[in-house]
$ cat run_8.tsv   # TSV, C-alpha atoms and all ligand atoms
chain	number	residue	atom	x	y	z
A	1	MET	CA	56.86	105.19	106.60
A	2	SER	CA	53.13	105.17	106.17
A	3	ILE	CA	50.32	107.04	107.84
A	4	VAL	CA	48.42	104.69	110.13
A	5	LEU	CA	44.66	105.17	109.83
A	6	ASN	CA	43.31	104.91	113.36
A	7	GLY	CA	39.97	103.18	112.87
A	8	LYS	CA	39.18	103.33	116.55
A	9	GLU	CA	39.41	107.14	116.67
A	10	ILE	CA	37.50	107.63	113.44
A	11	ALA	CA	34.83	105.22	114.70
A	12	GLU	CA	34.50	107.21	117.94
A	13	ASP	CA	33.89	110.37	115.89
A	14	ILE	CA	31.22	108.59	113.85
A	15	LEU	CA	29.50	107.41	117.05
A	16	LYS	CA	29.58	110.97	118.40
A	17	ASN	CA	28.02	112.30	115.20
A	18	ILE	CA	25.29	109.66	115.35
A	19	LYS	CA	24.66	110.53	118.99
A	20	SER	CA	24.27	114.21	118.14
A	21	GLU	CA	21.56	113.18	115.64
A	22	THR	CA	19.74	110.67	117.84
A	23	GLU	CA	19.62	113.18	120.72
A	24	LYS	CA	17.23	115.24	118.63
A	25	PHE	CA	14.71	112.39	118.28
A	26	LYS	CA	11.76	111.84	120.63
A	27	SER	CA	12.46	108.10	120.69
A	28	ALA	CA	15.73	106.32	119.98
A	29	PRO	CA	16.25	104.28	116.81
A	30	LYS	CA	15.99	100.60	117.68
A	31	LEU	CA	18.27	97.82	116.46
A	32	VAL	CA	17.40	94.18	117.13
A	33	ILE	CA	20.19	91.61	116.98
A	34	ILE	CA	19.29	87.94	116.58
A	35	LEU	CA	21.91	85.58	117.96
A	36	VAL	CA	21.51	81.84	117.53
A	37	GLY	CA	23.68	79.30	119.33
A	38	ASP	CA	26.76	79.86	121.48
A	39	ASN	CA	29.52	80.88	119.06
A	40	GLU	CA	32.01	82.66	121.30
A	41	ALA	CA	33.28	85.14	118.70
A	42	SER	CA	29.69	86.07	117.81
A	43	GLN	CA	28.92	86.71	121.46
A	44	ILE	CA	31.86	89.13	121.66
A	45	TYR	CA	30.88	90.91	118.42
A	46	VAL	CA	27.30	91.25	119.59
A	47	ARG	CA	28.35	92.64	122.96
A	48	ASN	CA	30.56	95.22	121.25
A	49	LYS	CA	27.72	96.21	118.94
A	50	CYS	CA	25.39	96.73	121.91
A	51	LEU	CA	27.97	98.81	123.81
A	52	ALA	CA	28.62	101.02	120.78
A	53	ALA	CA	24.89	101.41	120.12
A	54	ASN	CA	24.47	102.64	123.65
A	55	LYS	CA	27.19	105.29	123.08
A	56	ALA	CA	25.46	106.41	119.88
A	57	GLY	CA	22.01	106.78	121.43
A	58	ILE	CA	20.64	103.74	119.62
A	59	GLU	CA	18.60	101.19	121.54
A	60	ALA	CA	20.03	97.72	120.90
A	61	LYS	CA	18.00	94.68	121.83
A	62	LEU	CA	19.57	91.25	121.77
A	63	LEU	CA	17.34	88.23	121.10
A	64	THR	CA	19.12	84.95	121.80
A	65	PHE	CA	18.00	81.56	120.56
A	66	ASN	CA	19.19	78.10	121.33
A	67	ALA	CA	20.97	76.30	118.48
A	68	ASN	CA	18.13	73.72	118.54
A	69	THR	CA	15.47	76.34	117.85
A	70	ALA	CA	13.16	75.33	114.98
A	71	PRO	CA	13.86	77.48	111.88
A	72	GLU	CA	10.11	78.32	111.73
A	73	VAL	CA	10.39	79.98	115.15
A	74	LEU	CA	13.17	82.23	113.89
A	75	SER	CA	11.24	82.93	110.74
A	76	ALA	CA	8.15	83.95	112.74
A	77	GLN	CA	10.33	86.21	114.91
A	78	ILE	CA	11.70	87.99	111.84
A	79	GLU	CA	8.17	88.53	110.52
A	80	GLN	CA	7.16	90.04	113.82
A	81	LEU	CA	10.15	92.39	113.83
A	82	ASN	CA	9.48	93.34	110.20
A	83	ALA	CA	5.99	94.43	111.19
A	84	ASP	CA	7.01	96.26	114.38
A	85	GLN	CA	7.13	100.00	113.64
A	86	ASN	CA	9.33	100.58	116.67
A	87	VAL	CA	12.10	98.39	115.24
A	88	HIS	CA	14.26	100.15	112.63
A	89	GLY	CA	17.13	97.72	112.08
A	90	ILE	CA	17.35	93.93	112.21
A	91	ILE	CA	20.53	91.89	112.07
A	92	ILE	CA	20.99	88.14	112.14
A	93	GLN	CA	24.44	87.50	113.56
A	94	LEU	CA	26.39	85.14	111.29
A	95	PRO	CA	27.41	82.37	111.19
A	96	LEU	CA	24.17	80.56	111.97
A	97	PRO	CA	24.36	76.94	113.15
A	98	PRO	CA	24.36	74.54	110.15
A	99	ALA	CA	20.70	73.52	110.55
A	100	PHE	CA	19.58	77.01	109.46
A	101	ASP	CA	19.27	78.27	105.89
A	102	ALA	CA	21.02	81.62	106.33
A	103	ASP	CA	20.15	82.82	102.82
A	104	ALA	CA	16.44	82.17	103.33
A	105	LEU	CA	16.39	83.98	106.68
A	106	LEU	CA	18.44	86.94	105.46
A	107	SER	CA	16.08	87.31	102.50
A	108	GLN	CA	13.16	87.45	104.88
A	109	VAL	CA	14.35	90.63	106.64
A	110	ASN	CA	12.47	93.72	105.44
A	111	PRO	CA	15.00	95.38	103.06
A	112	LEU	CA	14.29	98.75	104.71
A	113	LYS	CA	15.44	97.30	108.05
A	114	ASP	CA	18.33	95.29	106.55
A	115	VAL	CA	21.12	97.31	108.18
A	116	ASP	CA	23.65	94.55	107.45
A	117	GLY	CA	22.93	94.97	103.74
A	118	PHE	CA	22.73	91.20	103.15
A	119	HIS	CA	19.27	91.13	101.53
A	120	PRO	CA	19.48	90.40	97.77
A	121	LEU	CA	17.52	93.59	97.05
A	122	ASN	CA	20.17	95.71	98.76
A	123	ALA	CA	22.94	93.78	97.01
A	124	GLY	CA	21.21	94.54	93.69
A	125	LEU	CA	20.76	98.22	94.52
A	126	LEU	CA	24.45	98.44	95.43
A	127	GLN	CA	25.35	96.85	92.11
A	128	ASN	CA	23.26	99.53	90.37
A	129	ASN	CA	25.08	102.24	92.35
A	130	ASN	CA	21.72	103.22	93.79
A	131	PRO	CA	22.06	105.40	96.93
A	132	ALA	CA	19.02	103.68	98.45
A	133	ALA	CA	21.14	100.54	99.04
A	134	PHE	CA	22.22	99.50	102.50
A	135	ALA	CA	25.84	98.50	101.98
A	136	PRO	CA	27.33	95.90	104.32
A	137	ALA	CA	28.96	97.71	107.24
A	138	THR	CA	32.47	96.33	106.66
A	139	ALA	CA	32.43	97.46	103.05
A	140	ARG	CA	31.22	100.89	104.14
A	141	ALA	CA	33.97	100.93	106.76
A	142	VAL	CA	36.62	100.27	104.10
A	143	MET	CA	35.24	103.04	101.89
A	144	THR	CA	35.10	105.50	104.80
A	145	LEU	CA	38.74	104.76	105.66
A	146	LEU	CA	39.72	105.30	102.02
A	147	GLU	CA	37.82	108.59	102.05
A	148	LYS	CA	39.87	109.66	105.09
A	149	THR	CA	43.09	109.34	103.08
A	150	GLY	CA	41.85	112.16	100.85
A	151	ILE	CA	43.13	110.41	97.72
A	152	ASN	CA	41.14	110.53	94.50
A	153	LEU	CA	39.99	106.95	93.86
A	154	SER	CA	39.03	107.48	90.23
A	155	GLY	CA	41.22	105.45	87.87
A	156	LYS	CA	43.21	103.76	90.64
A	157	ASN	CA	44.04	100.06	90.40
A	158	ALA	CA	42.29	98.45	93.36
A	159	LEU	CA	42.93	94.86	94.37
A	160	VAL	CA	40.40	93.20	96.68
A	161	ILE	CA	41.67	89.93	98.11
A	162	GLY	CA	38.61	87.86	99.05
A	163	ARG	CA	35.23	87.48	97.36
A	164	SER	CA	32.82	86.81	100.22
A	165	ARG	CA	29.33	88.22	100.02
A	166	ILE	CA	29.78	90.19	103.24
A	167	VAL	CA	33.18	91.77	102.52
A	168	GLY	CA	35.03	91.14	99.24
A	169	LYS	CA	32.18	91.46	96.75
A	170	PRO	CA	30.51	94.58	98.20
A	171	VAL	CA	33.90	96.31	98.66
A	172	ALA	CA	34.79	95.55	95.04
A	173	GLN	CA	31.42	96.89	93.91
A	174	MET	CA	31.80	100.09	95.92
A	175	LEU	CA	35.31	100.66	94.55
A	176	LEU	CA	33.97	100.15	91.04
A	177	ASN	CA	31.20	102.64	91.81
A	178	LYS	CA	34.01	105.11	92.63
A	179	ASN	CA	35.61	104.46	89.24
A	180	CYS	CA	38.49	102.31	90.41
A	181	THR	CA	39.77	99.59	88.11
A	182	VAL	CA	38.99	96.62	90.31
A	183	THR	CA	40.57	93.18	90.46
A	184	ILE	CA	39.14	90.55	92.79
A	185	ALA	CA	41.51	87.82	93.98
A	186	HIS	CA	40.47	84.62	95.75
A	187	SER	CA	41.89	81.27	96.76
A	188	LYS	CA	42.16	80.07	93.15
A	189	THR	CA	43.86	83.23	91.89
A	190	LEU	CA	47.20	82.65	90.19
A	191	GLY	CA	49.91	85.29	90.31
A	192	LEU	CA	48.79	87.28	93.33
A	193	PRO	CA	52.30	88.84	93.68
A	194	TYR	CA	51.97	90.35	90.18
A	195	LEU	CA	48.54	91.78	91.02
A	196	LEU	CA	49.88	93.26	94.25
A	197	GLN	CA	52.78	94.96	92.47
A	198	ASN	CA	50.26	96.83	90.30
A	199	ALA	CA	47.73	97.72	92.98
A	200	ASP	CA	47.42	101.34	94.17
A	201	ILE	CA	44.84	100.20	96.70
A	202	VAL	CA	44.88	96.83	98.45
A	203	VAL	CA	41.91	95.61	100.48
A	204	ALA	CA	42.89	92.39	102.21
A	205	ALA	CA	39.91	90.28	103.27
A	206	CYS	CA	41.05	86.68	102.94
A	207	GLY	CA	41.38	85.55	106.56
A	208	GLN	CA	45.03	84.46	106.14
A	209	PRO	CA	47.24	85.71	108.99
A	210	LYS	CA	49.97	88.12	107.79
A	211	MET	CA	49.85	86.65	104.28
A	212	ILE	CA	50.68	89.95	102.54
A	213	LYS	CA	54.21	91.10	103.27
A	214	GLY	CA	55.71	94.54	102.72
A	215	ASN	CA	57.89	93.40	99.82
A	216	MET	CA	54.79	92.25	97.91
A	217	ILE	CA	53.15	95.69	97.94
A	218	LYS	CA	53.66	98.52	95.44
A	219	LYS	CA	55.47	101.48	97.04
A	220	GLY	CA	52.96	104.07	98.19
A	221	ALA	CA	49.93	101.78	97.97
A	222	VAL	CA	47.02	102.32	100.35
A	223	VAL	CA	46.51	99.15	102.38
A	224	ILE	CA	43.25	98.39	104.18
A	225	ASP	CA	43.42	95.23	106.25
A	226	VAL	CA	40.03	93.68	106.98
A	227	GLY	CA	41.35	90.36	108.31
A	228	ILE	CA	40.91	89.37	111.93
A	229	ASN	CA	43.10	86.38	112.71
A	230	ARG	CA	45.34	84.93	115.39
A	231	ASP	CA	49.04	84.60	114.62
A	232	SER	CA	51.19	81.63	115.66
A	233	GLU	CA	51.53	83.16	119.15
A	234	GLY	CA	47.78	83.60	119.50
A	235	LYS	CA	47.96	87.39	119.04
A	236	LEU	CA	45.30	89.21	117.04
A	237	CYS	CA	46.56	90.10	113.55
A	238	GLY	CA	45.35	90.99	110.09
A	239	ASP	CA	45.89	89.50	106.64
A	240	VAL	CA	48.74	91.97	106.14
A	241	ASP	CA	52.11	91.78	107.87
A	242	PHE	CA	51.81	95.25	109.41
A	243	GLU	CA	55.45	95.50	110.52
A	244	THR	CA	56.89	95.12	107.01
A	245	ALA	CA	53.99	96.72	105.11
A	246	LYS	CA	54.03	99.97	107.09
A	247	ASP	CA	57.41	100.85	105.55
A	248	VAL	CA	56.07	100.54	102.01
A	249	ALA	CA	52.43	101.69	102.10
A	250	SER	CA	51.39	105.36	102.04
A	251	PHE	CA	48.41	104.65	104.33
A	252	ILE	CA	47.71	101.48	106.28
A	253	THR	CA	45.16	100.24	108.81
A	254	PRO	CA	46.29	98.30	111.89
A	255	VAL	CA	44.68	95.20	113.40
A	256	PRO	CA	43.22	95.67	115.97
A	257	LYS	CA	41.94	99.29	115.95
A	258	GLY	CA	41.45	99.43	112.21
A	259	VAL	CA	38.50	98.14	110.23
A	260	GLY	CA	36.92	96.31	113.22
A	261	PRO	CA	35.64	99.32	115.22
A	262	MET	CA	34.76	101.09	111.96
A	263	THR	CA	32.49	98.20	110.99
A	264	ILE	CA	30.48	98.61	114.17
A	265	ALA	CA	30.27	102.39	113.71
A	266	LEU	CA	29.02	101.99	110.13
A	267	LEU	CA	26.48	99.39	111.21
A	268	LEU	CA	25.07	102.02	113.56
A	269	GLN	CA	25.23	104.63	110.80
A	270	ASN	CA	23.16	102.22	108.69
A	271	THR	CA	20.70	101.94	111.60
A	272	LEU	CA	20.38	105.72	111.80
A	273	ASP	CA	19.88	105.84	108.03
A	274	ALA	CA	17.20	103.12	108.31
A	275	TYR	CA	15.42	105.06	111.04
A	276	LEU	CA	15.39	108.24	108.95
A	277	LYS	CA	14.18	106.38	105.86
A	278	GLN	CA	11.33	104.76	107.78
A	279	LYS	CA	10.32	108.02	109.47
A	280	HIS	CA	10.21	109.81	106.14
A	281	ALA	CA	8.67	106.95	104.14
B	301	LIG	P1	35.42	84.21	104.03
B	301	LIG	O1	36.11	83.01	104.59
B	301	LIG	O2	33.97	84.16	103.78
B	301	LIG	O3	36.13	84.60	102.65
B	301	LIG	C1	37.52	84.60	102.51
B	301	LIG	C2	37.86	84.94	101.09
B	301	LIG	O4	39.27	84.95	100.96
B	301	LIG	C3	37.34	83.92	100.07
B	301	LIG	O5	36.83	84.58	98.96
B	301	LIG	C4	38.57	83.09	99.73
B	301	LIG	O6	38.57	82.58	98.42
B	301	LIG	C5	39.67	84.12	99.88
B	301	LIG	N1	40.97	83.50	100.19
B	301	LIG	C6	41.24	82.56	101.11
B	301	LIG	N2	42.53	82.23	101.08
B	301	LIG	C7	43.09	82.99	100.10
B	301	LIG	C8	44.42	83.11	99.59
B	301	LIG	N3	45.43	82.37	100.06
B	301	LIG	N4	44.63	84.00	98.60
B	301	LIG	C9	43.63	84.77	98.12
B	301	LIG	N5	42.36	84.69	98.56
B	301	LIG	C10	42.11	83.80	99.54
B	301	LIG	O7	35.81	85.40	104.99
B	301	LIG	P2	35.13	86.86	105.21
B	301	LIG	O8	35.05	87.56	103.91
B	301	LIG	O9	33.94	86.72	106.04
B	301	LIG	O10	36.25	87.53	106.11
B	301	LIG	C11	37.57	87.73	105.66
B	301	LIG	C12	38.44	88.19	106.81
B	301	LIG	O11	37.92	89.40	107.31
B	301	LIG	C13	38.45	87.24	108.02
B	301	LIG	O12	39.71	87.33	108.64
B	301	LIG	C14	37.37	87.80	108.93
B	301	LIG	O13	37.59	87.48	110.29
B	301	LIG	C15	37.57	89.26	108.69
B	301	LIG	N6	36.38	90.10	108.91
B	301	LIG	C16	36.59	91.26	109.56
B	301	LIG	C17	35.55	92.13	109.76
B	301	LIG	C18	35.85	93.42	110.43
B	301	LIG	O14	34.95	94.08	110.86
B	301	LIG	N7	37.13	93.83	110.51
B	301	LIG	C19	34.20	91.82	109.34
B	301	LIG	C20	34.08	90.59	108.60
B	301	LIG	C21	35.15	89.76	108.40
B	301	LIG	P3	37.47	81.52	97.88
B	301	LIG	O15	36.24	82.33	97.62
B	301	LIG	O16	38.08	80.98	96.65
B	301	LIG	O17	37.29	80.51	98.97
$ encode --input "run_8.tsv" --output "structure tokens" --more "lines below"
Ligand code: NDP
Amino acid sequence: MSIVLNGKEIAEDILKNIKSETEKFKSAPKLVIILVGDNEASQIYVRNKCLAANKAGIEAKLLTFNANTAPEVLSAQIEQLNADQNVHGIIIQLPLPPAFDADALLSQVNPLKDVDGFHPLNAGLLQNNNPAAFAPATARAVMTLLEKTGINLSGKNALVIGRSRIVGKPVAQMLLNKNCTVTIAHSKTLGLPYLLQNADIVVAACGQPKMIKGNMIKKGAVVIDVGINRDSEGKLCGDVDFETAKDVASFITPVPKGVGPMTIALLLQNTLDAYLKQKHA
């Protein structure tokens, strides 16, 4: 039977710690969230980010744009936020409607305000193991959960399933920075069961409901489930089959109440870090 890492509780502690910092400031750190279009999931994520920011003493401002907005308008808005000294963090909620060039817009955000860590400069700094990097919040959430297990990561075989720029790749990089031996699996990977049998740490971020079953995991592995999916009954679930995996893993995260709330907490931690960096620049 494994120890279930309660992301919700750990996230609450992180928010409390941020609050105890922000209380000392004359003015609150400010996070601006740009939301384009009417993607329902994005609206929920953004609302949760604003609620959590409020708890942490961070001012969150939501700027909404119609899906038909001209890309130049968005671009001009980002420039304005980049120049505004009262704005410390900027996020562009993804996905953007297809008419927008997400890469171009993300690259336009001032890297010092890039609290999502999606700017190429921050990705490069992370690759160089440079502490100045803003790491994407989900990747930071995974690493924080691993830290909570107390296990020594050095030399462990870590398998990251998924290679997206926002989750898989930065997680793999951060595990490598901690001296894990990292394997990255993706949709073209052959022999995933073999890789799973050898993995001391499994980070599942492939968006495939309950794909990883308990009998595929090495006994005692640490399993971090990033996936947020709906199962055949419409219930929220991860990429890991929690019910079977919990009997095999040493530590495991549930879905919900695992990586999700941690991601929001670490986004706000990044915002606090951005505020401190800009104040002391
Ligand atoms: P993407 O769709 O961008 O990437 C999915 C990755 O999984 C791709 O690299 C893909 O491979 C790989 N993949 C797909 N199917 C398989 C398979 N059968 N075997 C192995 N690899 C596979 O998703 P994201 O990275 O954005 O998100 C992944 C999951 O995490 C989703 O469920 C998402 O909802 C969730 N998520 C959760 C967050 C949280 O806070 N908890 C935050 C962000 C995401 P390929 O590259 O070859 O296509």
$ residues_near_ligand --input "run_8.tsv" --ligand "ligand LIG 301 (chain B)" --cutoff "6 Å" --atoms "all atoms listed in the file" --output "PDB file with C-alpha atoms, in the coordinates of the input"
ATOM      1  CA  THR A 138      32.470  96.330 106.660  1.00  0.00           C
ATOM      2  CA  ILE A 161      41.670  89.930  98.110  1.00  0.00           C
ATOM      3  CA  GLY A 162      38.610  87.860  99.050  1.00  0.00           C
ATOM      4  CA  ARG A 163      35.230  87.480  97.360  1.00  0.00           C
ATOM      5  CA  SER A 164      32.820  86.810 100.220  1.00  0.00           C
ATOM      6  CA  ILE A 166      29.780  90.190 103.240  1.00  0.00           C
ATOM      7  CA  VAL A 167      33.180  91.770 102.520  1.00  0.00           C
ATOM      8  CA  GLY A 168      35.030  91.140  99.240  1.00  0.00           C
ATOM      9  CA  ALA A 185      41.510  87.820  93.980  1.00  0.00           C
ATOM     10  CA  HIS A 186      40.470  84.620  95.750  1.00  0.00           C
ATOM     11  CA  SER A 187      41.890  81.270  96.760  1.00  0.00           C
ATOM     12  CA  LYS A 188      42.160  80.070  93.150  1.00  0.00           C
ATOM     13  CA  ALA A 205      39.910  90.280 103.270  1.00  0.00           C
ATOM     14  CA  CYS A 206      41.050  86.680 102.940  1.00  0.00           C
ATOM     15  CA  GLY A 207      41.380  85.550 106.560  1.00  0.00           C
ATOM     16  CA  VAL A 226      40.030  93.680 106.980  1.00  0.00           C
ATOM     17  CA  GLY A 227      41.350  90.360 108.310  1.00  0.00           C
ATOM     18  CA  ILE A 228      40.910  89.370 111.930  1.00  0.00           C
ATOM     19  CA  ASN A 229      43.100  86.380 112.710  1.00  0.00           C
ATOM     20  CA  VAL A 259      38.500  98.140 110.230  1.00  0.00           C
ATOM     21  CA  GLY A 260      36.920  96.310 113.220  1.00  0.00           C
ATOM     22  CA  THR A 263      32.490  98.200 110.990  1.00  0.00           C
TER      23      THR A 263
END
$ residues_around --input "run_8.tsv" --residues "Gly89 (chain A)" --least-positions-apart "2" --cutoff "12 Å" --atoms "only C-alpha atoms" --output "VMD selection string"
chain A and resid 28 to 34 53 58 to 62 78 81 to 87 91 to 92 109 to 117 134 267 to 278
$ write_last_selection --input "run_8.tsv" --atoms "C-alpha atoms" --output "mmCIF file, keeping the file's coordinate frame"
data_model
loop_
_atom_site.group_PDB
_atom_site.id
_atom_site.type_symbol
_atom_site.label_atom_id
_atom_site.label_comp_id
_atom_site.auth_asym_id
_atom_site.auth_seq_id
_atom_site.Cartn_x
_atom_site.Cartn_y
_atom_site.Cartn_z
ATOM 1 C CA ALA A 28 15.730 106.320 119.980
ATOM 2 C CA PRO A 29 16.250 104.280 116.810
ATOM 3 C CA LYS A 30 15.990 100.600 117.680
ATOM 4 C CA LEU A 31 18.270 97.820 116.460
ATOM 5 C CA VAL A 32 17.400 94.180 117.130
ATOM 6 C CA ILE A 33 20.190 91.610 116.980
ATOM 7 C CA ILE A 34 19.290 87.940 116.580
ATOM 8 C CA ALA A 53 24.890 101.410 120.120
ATOM 9 C CA ILE A 58 20.640 103.740 119.620
ATOM 10 C CA GLU A 59 18.600 101.190 121.540
ATOM 11 C CA ALA A 60 20.030 97.720 120.900
ATOM 12 C CA LYS A 61 18.000 94.680 121.830
ATOM 13 C CA LEU A 62 19.570 91.250 121.770
ATOM 14 C CA ILE A 78 11.700 87.990 111.840
ATOM 15 C CA LEU A 81 10.150 92.390 113.830
ATOM 16 C CA ASN A 82 9.480 93.340 110.200
ATOM 17 C CA ALA A 83 5.990 94.430 111.190
ATOM 18 C CA ASP A 84 7.010 96.260 114.380
ATOM 19 C CA GLN A 85 7.130 100.000 113.640
ATOM 20 C CA ASN A 86 9.330 100.580 116.670
ATOM 21 C CA VAL A 87 12.100 98.390 115.240
ATOM 22 C CA ILE A 91 20.530 91.890 112.070
ATOM 23 C CA ILE A 92 20.990 88.140 112.140
ATOM 24 C CA VAL A 109 14.350 90.630 106.640
ATOM 25 C CA ASN A 110 12.470 93.720 105.440
ATOM 26 C CA PRO A 111 15.000 95.380 103.060
ATOM 27 C CA LEU A 112 14.290 98.750 104.710
ATOM 28 C CA LYS A 113 15.440 97.300 108.050
ATOM 29 C CA ASP A 114 18.330 95.290 106.550
ATOM 30 C CA VAL A 115 21.120 97.310 108.180
ATOM 31 C CA ASP A 116 23.650 94.550 107.450
ATOM 32 C CA GLY A 117 22.930 94.970 103.740
ATOM 33 C CA PHE A 134 22.220 99.500 102.500
ATOM 34 C CA LEU A 267 26.480 99.390 111.210
ATOM 35 C CA LEU A 268 25.070 102.020 113.560
ATOM 36 C CA GLN A 269 25.230 104.630 110.800
ATOM 37 C CA ASN A 270 23.160 102.220 108.690
ATOM 38 C CA THR A 271 20.700 101.940 111.600
ATOM 39 C CA LEU A 272 20.380 105.720 111.800
ATOM 40 C CA ASP A 273 19.880 105.840 108.030
ATOM 41 C CA ALA A 274 17.200 103.120 108.310
ATOM 42 C CA TYR A 275 15.420 105.060 111.040
ATOM 43 C CA LEU A 276 15.390 108.240 108.950
ATOM 44 C CA LYS A 277 14.180 106.380 105.860
ATOM 45 C CA GLN A 278 11.330 104.760 107.780
#
$ residues_around --input "run_8.tsv" --residues "Asn17 (chain A)" --least-positions-apart "3" --cutoff "12 Å" --atoms "all atoms listed in the file" --output "PyMOL selection string"
chain A and resi 10-14+20-24+55-57+265-266+268-269+272
$ residues_around --input "run_8.tsv" --residues "Ala221 (chain A)" --least-positions-apart "3" --cutoff "6 Å" --atoms "only C-alpha atoms" --output "ChimeraX atom specification"
/A:200-201,218,249-250
$ atom_distance --input "run_8.tsv" --atom1 "CA of Pro131 (chain A)" --atom2 "CA of Ala172 (chain A)"
16.2 Å
$ atom_distance --input "run_8.tsv" --atom1 "CA of Leu5 (chain A)" --atom2 "CA of Asn177 (chain A)"
22.6 Å
$ closest_residue --input "run_8.tsv" --among "A:Ala135, A:Ala104, A:Leu236, A:Ala52" --to "Pro71 (chain A)" --atoms "all atoms listed in the file"
A:Ala104
$ atom_distance --input "run_8.tsv" --atom1 "CA of Asn128 (chain A)" --atom2 "CA of Val171 (chain A)"
13.9 Å
$ residues_around --input "run_8.tsv" --residues "Cys180 (chain A)" --least-positions-apart "4" --cutoff "10 Å" --atoms "all atoms listed in the file" --output "PDB file with C-alpha atoms, keeping the file's coordinate frame"
ATOM      1  CA  ASN A 152      41.140 110.530  94.500  1.00  0.00           C
ATOM      2  CA  LEU A 153      39.990 106.950  93.860  1.00  0.00           C
ATOM      3  CA  SER A 154      39.030 107.480  90.230  1.00  0.00           C
ATOM      4  CA  GLY A 155      41.220 105.450  87.870  1.00  0.00           C
ATOM      5  CA  LYS A 156      43.210 103.760  90.640  1.00  0.00           C
ATOM      6  CA  ASN A 157      44.040 100.060  90.400  1.00  0.00           C
ATOM      7  CA  ALA A 158      42.290  98.450  93.360  1.00  0.00           C
ATOM      8  CA  LEU A 159      42.930  94.860  94.370  1.00  0.00           C
ATOM      9  CA  ALA A 172      34.790  95.550  95.040  1.00  0.00           C
ATOM     10  CA  GLN A 173      31.420  96.890  93.910  1.00  0.00           C
ATOM     11  CA  MET A 174      31.800 100.090  95.920  1.00  0.00           C
ATOM     12  CA  LEU A 175      35.310 100.660  94.550  1.00  0.00           C
ATOM     13  CA  LEU A 176      33.970 100.150  91.040  1.00  0.00           C
ATOM     14  CA  ASP A 200      47.420 101.340  94.170  1.00  0.00           C
ATOM     15  CA  ILE A 201      44.840 100.200  96.700  1.00  0.00           C
TER      16      ILE A 201
END
$ closest_residue --input "run_8.tsv" --among "A:Ala137, A:Ala67, A:Leu51, A:Val202" --to "Phe100 (chain A)" --atoms "all atoms listed in the file"
A:Ala67
$ residues_around --input "run_8.tsv" --residues "Pro97 (chain A)" --least-positions-apart "5" --cutoff "10 Å" --atoms "only C-alpha atoms" --output "VMD selection string"
chain A and resid 36 to 39 66 to 68 102
$ residues_near_point --input "run_8.tsv" --point "(49.1, 98.1, 113.6)" --cutoff "12 Å" --atoms "all atoms listed in the file" --output "PyMOL selection string"
chain A and resi 2-8+210+223-225+236-247+251-259
$ write_last_selection --input "run_8.tsv" --atoms "C-alpha atoms" --output "compact mmCIF listing (two decimals), in the coordinates of the input"
# COMPACT_ATOMS: atom_id res chain seq x y z
CA SER A 2 53.13 105.17 106.17
CA ILE A 3 50.32 107.04 107.84
CA VAL A 4 48.42 104.69 110.13
CA LEU A 5 44.66 105.17 109.83
CA ASN A 6 43.31 104.91 113.36
CA GLY A 7 39.97 103.18 112.87
CA LYS A 8 39.18 103.33 116.55
CA LYS A 210 49.97 88.12 107.79
CA VAL A 223 46.51 99.15 102.38
CA ILE A 224 43.25 98.39 104.18
CA ASP A 225 43.42 95.23 106.25
CA LEU A 236 45.30 89.21 117.04
CA CYS A 237 46.56 90.10 113.55
CA GLY A 238 45.35 90.99 110.09
CA ASP A 239 45.89 89.50 106.64
CA VAL A 240 48.74 91.97 106.14
CA ASP A 241 52.11 91.78 107.87
CA PHE A 242 51.81 95.25 109.41
CA GLU A 243 55.45 95.50 110.52
CA THR A 244 56.89 95.12 107.01
CA ALA A 245 53.99 96.72 105.11
CA LYS A 246 54.03 99.97 107.09
CA ASP A 247 57.41 100.85 105.55
CA PHE A 251 48.41 104.65 104.33
CA ILE A 252 47.71 101.48 106.28
CA THR A 253 45.16 100.24 108.81
CA PRO A 254 46.29 98.30 111.89
CA VAL A 255 44.68 95.20 113.40
CA PRO A 256 43.22 95.67 115.97
CA LYS A 257 41.94 99.29 115.95
CA GLY A 258 41.45 99.43 112.21
CA VAL A 259 38.50 98.14 110.23
$ closest_residue --input "run_8.tsv" --among "A:Leu105, A:Pro98, A:His88, A:Val182" --to "Ala76 (chain A)" --atoms "all atoms listed in the file"
A:Leu105
$ decode --input "run_8.tsv" --residues "region 229-235 of chain A" --atoms "N, CA and C atoms" --output "JSON list (two decimals), in the first residue's frame"
[["chain", "number", "residue", "atom", "x", "y", "z"],
["A", 229, "ASN", "N", -8.02, 13.79, -17.03],
["A", 229, "ASN", "CA", -8.86, 13.22, -18.09],
["A", 229, "ASN", "C", -10.24, 12.89, -17.51],
["A", 230, "ARG", "N", -11.12, 12.50, -18.40],
["A", 230, "ARG", "CA", -12.42, 11.95, -17.98],
["A", 230, "ARG", "C", -12.41, 10.47, -18.33],
["A", 231, "ASP", "N", -12.88, 9.63, -17.39],
["A", 231, "ASP", "CA", -12.96, 8.21, -17.72],
["A", 231, "ASP", "C", -14.25, 7.93, -18.49],
["A", 232, "SER", "N", -14.53, 6.64, -18.74],
["A", 232, "SER", "CA", -15.68, 6.29, -19.59],
["A", 232, "SER", "C", -17.00, 6.72, -18.93],
["A", 233, "GLU", "N", -16.97, 6.91, -17.59],
["A", 233, "GLU", "CA", -18.20, 7.36, -16.91],
["A", 233, "GLU", "C", -18.24, 8.87, -16.74],
["A", 234, "GLY", "N", -17.25, 9.54, -17.31],
["A", 234, "GLY", "CA", -17.24, 11.01, -17.22],
["A", 234, "GLY", "C", -16.59, 11.53, -15.95],
["A", 235, "LYS", "N", -16.01, 10.60, -15.16],
["A", 235, "LYS", "CA", -15.37, 11.04, -13.89],
["A", 235, "LYS", "C", -13.93, 11.47, -14.16]]
